[in-house]
$ cat model.txt   # compact mmCIF, C-alpha atoms
# COMPACT_ATOMS: atom_id res chain seq x y z
CA MET A 1 9.43 8.74 -8.12
CA GLN A 2 9.77 5.05 -7.43
CA ILE A 3 7.84 2.65 -5.25
CA SER A 4 10.11 0.92 -2.80
CA ALA A 5 9.55 -1.81 -0.29
CA LYS A 6 10.49 0.67 2.42
CA SER A 7 8.06 3.38 1.34
CA LEU A 8 5.22 0.90 0.98
CA TYR A 9 6.22 -1.15 4.01
CA SER A 10 3.08 -2.50 5.50
CA PRO A 11 2.96 -5.29 8.05
CA PHE A 12 0.27 -7.87 8.22
CA ALA A 13 -0.45 -11.13 9.92
CA SER A 14 -2.97 -13.89 10.12
CA THR A 15 -3.10 -17.62 10.00
CA VAL A 16 -2.94 -18.03 6.27
CA ASN A 17 -4.40 -21.10 4.61
CA ARG A 18 -3.00 -21.32 1.09
CA THR A 19 -6.23 -22.84 -0.19
CA SER A 20 -7.92 -19.51 0.52
CA LEU A 21 -5.51 -17.63 -1.73
CA PRO A 22 -6.89 -16.49 -5.12
CA GLY A 23 -6.34 -18.92 -7.96
CA TYR A 24 -5.08 -21.66 -5.69
CA ALA A 25 -6.94 -24.51 -7.39
CA ALA A 26 -5.59 -23.72 -10.84
CA GLU A 27 -2.10 -23.01 -9.58
CA ALA A 28 -2.04 -26.14 -7.47
CA ALA A 29 -2.90 -28.26 -10.49
CA ALA A 30 -0.15 -26.63 -12.51
CA ALA A 31 2.25 -26.91 -9.62
CA ARG A 32 2.00 -30.65 -9.08
CA PRO A 33 5.42 -32.23 -9.52
CA ALA A 34 5.91 -34.03 -12.80
CA ALA A 35 7.40 -37.50 -12.29
CA THR A 36 9.65 -38.78 -15.05
CA ALA A 37 11.50 -42.05 -15.42
CA ALA A 38 15.26 -41.72 -15.13
CA GLY A 39 18.03 -44.14 -16.03
CA GLY A 40 18.40 -47.13 -13.72
CA GLY A 41 14.70 -47.23 -12.88
CA GLU A 42 14.87 -44.14 -10.68
CA THR A 43 12.22 -41.46 -10.73
CA THR A 44 13.07 -37.76 -10.77
CA VAL A 45 10.67 -35.01 -9.79
CA SER A 46 10.68 -31.58 -11.39
CA ILE A 47 8.84 -28.62 -9.88
CA SER A 48 7.11 -26.26 -12.32
CA SER A 49 7.64 -22.51 -12.17
CA ALA A 50 4.05 -22.16 -10.96
CA GLY A 51 4.87 -24.52 -8.11
CA ARG A 52 7.90 -22.49 -7.11
CA GLN A 53 5.85 -19.30 -7.16
CA LEU A 54 3.15 -20.88 -5.03
CA ALA A 55 5.73 -22.12 -2.55
CA ALA A 56 7.31 -18.67 -2.37
CA ARG A 57 3.93 -17.10 -1.72
CA ASP A 58 3.09 -19.64 0.98
CA ALA A 59 6.41 -18.95 2.69
CA ALA A 60 5.92 -15.17 2.53
CA ALA A 61 2.37 -15.47 3.87
CA SER A 62 3.51 -17.59 6.79
CA ARG A 63 6.18 -15.03 7.71
CA VAL A 64 3.58 -12.32 8.10
CA ALA A 65 1.02 -14.50 9.86
CA GLY A 66 0.19 -13.17 13.28
CA SER A 67 -3.00 -12.95 15.30
CA GLY A 68 -5.26 -14.37 12.63
CA GLN A 69 -7.14 -11.06 12.39
CA GLY A 70 -5.86 -10.24 8.92
CA VAL A 71 -7.70 -8.31 6.24
CA PRO A 72 -7.40 -9.10 2.50
CA MET A 73 -4.54 -7.06 1.05
CA GLN A 74 -3.16 -7.09 -2.48
CA THR A 75 0.58 -7.64 -2.73
CA GLN A 76 3.14 -8.41 -5.42
CA LEU A 77 2.66 -12.06 -4.41
CA GLY A 78 -1.12 -11.98 -4.82
CA GLU A 79 -3.94 -11.24 -2.39
CA MET A 80 -3.53 -12.60 1.12
CA PRO A 81 -4.85 -11.92 4.63
CA VAL A 82 -2.68 -9.40 6.47
CA ASP A 83 -2.52 -8.58 10.15
CA LEU A 84 -1.44 -4.97 9.87
CA ASP A 85 -0.25 -4.76 13.48
CA THR A 86 2.20 -7.60 12.91
CA TYR A 87 3.23 -6.33 9.49
CA PHE A 88 4.10 -2.87 10.83
CA SER A 89 5.55 -4.06 14.12
CA PRO A 90 9.08 -2.82 14.95
CA GLY A 91 11.80 -5.22 13.88
CA PHE A 92 9.57 -7.15 11.48
CA VAL A 93 11.71 -6.42 8.42
CA ALA A 94 14.98 -6.94 10.26
CA ALA A 95 13.76 -10.26 11.66
CA ASN A 96 13.07 -11.43 8.11
CA ALA A 97 16.21 -10.09 6.49
CA GLY A 98 17.02 -11.84 3.23
CA LYS A 99 13.54 -13.33 2.90
CA GLU A 100 10.89 -12.29 0.42
CA LEU A 101 8.15 -10.27 2.06
CA PRO A 102 4.84 -9.05 0.66
CA ILE A 103 4.68 -5.40 -0.38
CA LEU A 104 1.34 -3.60 -0.31
CA LEU A 105 0.33 -2.48 -3.77
CA PRO A 106 -0.88 1.11 -4.26
CA ASN A 107 -4.54 0.58 -5.03
CA SER A 108 -7.92 1.53 -3.61
CA GLN A 109 -8.47 -1.79 -1.84
CA ASN A 110 -5.29 -1.49 0.22
CA LEU A 111 -5.86 2.22 0.79
CA GLN A 112 -9.33 1.57 2.18
CA ALA A 113 -8.16 -1.30 4.40
CA LEU A 114 -5.29 0.69 5.90
CA SER A 115 -7.56 3.73 6.37
CA ASP A 116 -10.08 1.57 8.24
CA HIS A 117 -7.29 0.16 10.40
CA LEU A 118 -5.99 3.61 11.31
CA ALA A 119 -9.53 4.77 12.07
CA GLN A 120 -9.23 2.45 15.07
CA SER A 121 -5.54 2.60 15.99
CA PHE A 122 -4.91 6.35 15.67
CA PRO A 123 -7.69 7.49 18.05
CA ARG A 124 -6.56 4.86 20.58
CA ALA A 125 -3.00 6.17 20.38
CA LEU A 126 -4.13 9.77 20.88
CA GLN A 127 -6.06 8.75 23.98
CA ALA A 128 -3.16 6.67 25.33
CA HIS A 129 -0.81 9.65 25.04
CA GLY A 130 -3.25 12.14 26.54
CA ILE A 131 -3.75 14.06 23.30
CA PRO A 132 -7.34 15.33 23.32
CA GLN A 133 -7.53 16.41 19.70
CA ALA A 134 -6.36 15.01 16.37
CA PRO A 135 -4.72 17.37 13.90
CA ALA A 136 -6.89 18.57 11.03
CA SER A 137 -4.33 17.08 8.66
CA ILE A 138 -0.99 15.32 8.35
CA SER A 139 1.36 15.44 5.37
CA TYR A 140 5.08 14.92 4.74
CA ASP A 141 7.68 17.06 3.03
CA ARG A 142 10.24 15.82 0.51
CA ASP A 143 12.59 14.86 3.32
CA GLY A 144 9.91 12.75 5.00
CA GLN A 145 9.36 15.19 7.84
CA ILE A 146 5.83 15.29 9.22
CA GLN A 147 3.87 18.48 8.52
CA LEU A 148 1.13 19.56 10.93
CA PRO A 149 -1.16 22.61 10.86
CA ALA A 150 0.53 25.69 12.32
CA ASP A 151 -2.32 26.19 14.78
CA TYR A 152 -2.38 22.60 16.05
CA PRO A 153 -1.69 22.94 19.80
CA TYR A 154 -0.50 19.36 20.37
CA ALA A 155 2.09 19.15 17.60
CA GLU A 156 5.04 18.35 19.86
CA GLN A 157 3.07 15.82 21.86
CA LEU A 158 1.97 14.06 18.70
CA LYS A 159 5.51 13.96 17.30
CA ALA A 160 6.72 12.46 20.57
CA ALA A 161 3.90 9.90 20.52
CA LEU A 162 4.76 8.81 16.98
CA ALA A 163 8.45 8.59 17.88
CA SER A 164 7.52 6.19 20.67
CA GLU A 165 5.16 4.19 18.44
CA PRO A 166 7.09 3.45 15.22
CA ALA A 167 4.44 1.01 13.98
CA LEU A 168 1.78 3.73 14.02
CA ASP A 169 4.18 6.19 12.42
CA SER A 170 4.90 3.68 9.64
CA GLN A 171 1.20 3.07 9.07
CA LEU A 172 0.54 6.80 8.62
CA ARG A 173 3.48 7.20 6.25
CA THR A 174 2.44 4.17 4.23
CA LEU A 175 -1.13 5.46 3.98
CA ASN A 176 0.20 8.78 2.72
CA THR A 177 2.42 7.04 0.14
CA LEU A 178 -0.41 4.81 -1.10
CA THR A 179 -2.60 7.91 -1.39
CA GLU A 180 -0.03 9.60 -3.61
CA TYR A 181 0.10 6.69 -6.04
CA VAL A 182 -3.67 6.16 -6.07
CA GLY A 183 -4.06 9.89 -6.75
CA GLU A 184 -1.73 9.57 -9.71
CA GLY A 185 -3.78 6.63 -10.96
CA LEU A 186 -6.92 8.76 -10.87
CA LYS A 187 -5.18 11.38 -12.99
CA ALA A 188 -4.33 8.76 -15.60
CA ALA A 189 -7.78 7.11 -15.61
CA PRO A 190 -9.30 9.30 -18.39
CA PHE A 191 -6.32 8.57 -20.64
CA GLU A 192 -6.63 4.83 -20.06
CA ARG A 193 -10.38 4.89 -20.80
CA GLU A 194 -9.86 6.73 -24.06
CA LEU A 195 -6.89 4.54 -24.97
CA ALA A 196 -9.18 1.50 -25.02
CA GLY A 197 -11.07 3.02 -27.96
CA VAL A 198 -8.05 3.97 -30.08
CA LYS A 199 -8.00 2.23 -33.49
CA THR A 200 -5.40 4.07 -35.56
CA GLN A 201 -1.90 5.45 -35.16
CA SER A 202 -3.15 8.99 -35.76
CA GLU A 203 -5.76 8.58 -32.99
CA LEU A 204 -3.05 7.32 -30.67
CA GLU A 205 -0.78 10.26 -31.44
CA ALA A 206 -3.64 12.71 -30.88
CA LEU A 207 -4.49 11.08 -27.56
CA ILE A 208 -0.89 11.18 -26.36
CA ASP A 209 -0.69 14.85 -27.33
CA LYS A 210 -3.89 15.54 -25.38
CA TYR A 211 -2.49 13.95 -22.24
CA ARG A 212 1.14 14.87 -22.81
CA TYR A 213 1.44 16.18 -19.26
CA LEU A 214 1.11 12.61 -17.97
CA PHE A 215 4.39 11.71 -19.69
CA ASP A 216 6.40 14.67 -18.42
CA GLN A 217 8.97 13.36 -15.93
CA ASN A 218 9.19 16.81 -14.34
CA ARG A 219 5.48 17.21 -13.78
CA ASN A 220 4.06 17.70 -10.31
CA TRP A 221 2.90 14.52 -8.65
CA ALA A 222 -0.32 14.37 -6.69
CA GLN A 223 0.14 16.04 -3.33
CA ALA A 224 -1.00 13.54 -0.73
CA SER A 225 -2.27 14.40 2.72
CA LEU A 226 -4.40 12.83 5.42
CA SER A 227 -7.41 14.72 6.75
CA PHE A 228 -8.79 13.79 10.18
CA ASP A 229 -12.23 14.23 11.67
CA ALA A 230 -12.86 15.14 15.29
CA ASN A 231 -12.53 11.48 16.32
CA GLY A 232 -9.18 11.01 14.59
CA ARG A 233 -10.43 8.98 11.62
CA PRO A 234 -8.38 9.63 8.46
CA THR A 235 -9.52 10.57 4.98
CA PRO A 236 -6.80 10.20 2.30
CA LEU A 237 -6.60 13.23 -0.01
CA ALA A 238 -4.71 13.80 -3.26
CA ASP A 239 -4.44 17.45 -4.31
CA GLY A 240 -7.01 18.22 -1.64
CA LYS A 241 -9.63 15.78 -2.94
CA PRO A 242 -10.73 12.43 -1.44
CA VAL A 243 -9.42 9.43 -3.38
CA LEU A 244 -11.84 6.91 -1.91
CA PRO A 245 -15.62 6.71 -2.38
CA ALA A 246 -17.63 8.42 0.35

$ encode --input "model.txt" --output "structure tokens"
Amino acid sequence: MQISAKSLYSPFASTVNRTSLPGYAAEAAAARPAATAAGGGETTVSISSAGRQLAARDAAASRVAGSGQGVPMQTQLGEMPVDLDTYFSPGFVAANAGKELPILLPNSQNLQALSDHLAQSFPRALQAHGIPQAPASISYDRDGQIQLPADYPYAEQLKAALASEPALDSQLRTLNTLTEYVGEGLKAAPFERELAGVKTQSELEALIDKYRYLFDQNRNWAQASLSFDANGRPTPLADGKPVLPA
């Protein structure tokens, strides 16, 4: 299974000040143009790779800037404030075709932030569409089709509501995808802890044999799902267990 920009698509916005981005001071120093004397008394300016990376990150951050109500999210371009409503808004990707956009990384920080966001937006959507009760859970099959409990009486209404609100639908799908990858990370955590103490080749081989299932390409991935309380607030689950601290 591969992480793709589409599967992890998460929109965010805020007025981003690059000086608030992690590591800015050090990167800015490294990024200052180096002036060198050229023939004929001219001066040429070369931009360091760090400078180009910083410029790319600034440009990406400005593209996702929206209402200024962003939350810190970790992306492949570093941590930056993200307005999730803007980031997931319909047409956002198409409007920025050919431009580098931040992708939400599958970690606990992003999972918690998106869960907190949906704890507000999902109940509001249910109320707006006249749906009095959230489903006990939501999951997705291999074809990306939503799966709802068989006894949920508002299944068709909820599907229609999500079809009319693609941003909300994308947020739920992204939360589910992040949950899957975070769940896989939890599975691998014991191996990584023990790996830190390995000192010999024989110890390494024994450790790999102990956790051989982690390296099986045909193994079963964590089964992600979203559990909802009576108010419609989500709890991300992997193999039926919460992946975030209570």

$ residues_around --input "model.txt" --residues "A:Ala163" --least-positions-apart "4" --cutoff "12 Å" --atoms "all atoms listed in the file" --output "list in words"
Pro90, Ala125, His129, Ile146, Glu156, Gln157, Leu158, Lys159, Ala167, Leu168, Asp169 and Ser170 of chain A

$ write_last_selection --input "model.txt" --atoms "C-alpha atoms" --output "compact mmCIF listing (two decimals), in the frame of the given file"
# COMPACT_ATOMS: atom_id res chain seq x y z
CA PRO A 90 9.08 -2.82 14.95
CA ALA A 125 -3.00 6.17 20.38
CA HIS A 129 -0.81 9.65 25.04
CA ILE A 146 5.83 15.29 9.22
CA GLU A 156 5.04 18.35 19.86
CA GLN A 157 3.07 15.82 21.86
CA LEU A 158 1.97 14.06 18.70
CA LYS A 159 5.51 13.96 17.30
CA ALA A 167 4.44 1.01 13.98
CA LEU A 168 1.78 3.73 14.02
CA ASP A 169 4.18 6.19 12.42
CA SER A 170 4.90 3.68 9.64

$ closest_atom_pairs --input "model.txt" --of "stretch 172-225 of chain A" --to "stretch 97-105 of chain A" --cutoff "10 Å" --atoms "all atoms listed in the file" --output "Markdown table"
| residue | atom | partner | partner_atom | distance |
| --- | --- | --- | --- | --- |
| A:Thr174 | CA | A:Leu104 | CA | 9.1 |
| A:Leu178 | CA | A:Leu105 | CA | 7.8 |
| A:Tyr181 | CA | A:Leu105 | CA | 9.4 |
| A:Val182 | CA | A:Leu105 | CA | 9.8 |

$ atom_distance --input "model.txt" --atom1 "atom CA of A:Asp83" --atom2 "atom CA of A:Val71"
6.5 Å

$ atom_distance --input "model.txt" --atom1 "atom CA of A:Leu175" --atom2 "atom CA of A:Ala94"
21.3 Å

$ atom_distance --input "model.txt" --atom1 "atom CA of A:Gln223" --atom2 "atom CA of A:Gly183"
8.2 Å

$ closest_residue --input "model.txt" --among "A:Thr179, A:Thr75, A:Thr235, A:Thr86" --to "A:Ala222" --atoms "all atoms listed in the file"
A:Thr179

$ closest_residue --input "model.txt" --among "A:Met80, A:Ala119, A:Val93, A:Ala136" --to "A:Ser227" --atoms "all atoms listed in the file"
A:Ala136

$ closest_residue --input "model.txt" --among "A:Asn96, A:Ser164, A:Ser139, A:Asn176" --to "A:Gln112" --atoms "only C-alpha atoms"
A:Asn176

$ closest_residue --input "model.txt" --among "A:Pro153, A:Gly185, A:Gly70, A:Pro234" --to "A:Pro132" --atoms "all atoms listed in the file"
A:Pro153

$ residues_around --input "model.txt" --residues "A:Tyr140" --least-positions-apart "6" --cutoff "9 Å" --atoms "all atoms listed in the file" --output "list in words"
Ile146, Gln147, Leu148, Arg173, Asn176, Ala224 and Ser225 of chain A

$ closest_residue --input "model.txt" --among "A:Gly91, A:Pro106, A:Gly232, A:Pro149" --to "A:Ile131" --atoms "all atoms listed in the file"
A:Gly232

$ closest_atom_pairs --input "model.txt" --of "stretch 162-196 of chain A" --to "stretch 204-211 of chain A" --cutoff "8 Å" --atoms "all atoms listed in the file" --output "tab-separated table"
residue	atom	partner	partner_atom	distance
A:Phe191	CA	A:Tyr211	CA	6.8
A:Glu194	CA	A:Leu207	CA	7.7
A:Leu195	CA	A:Leu204	CA	7.4
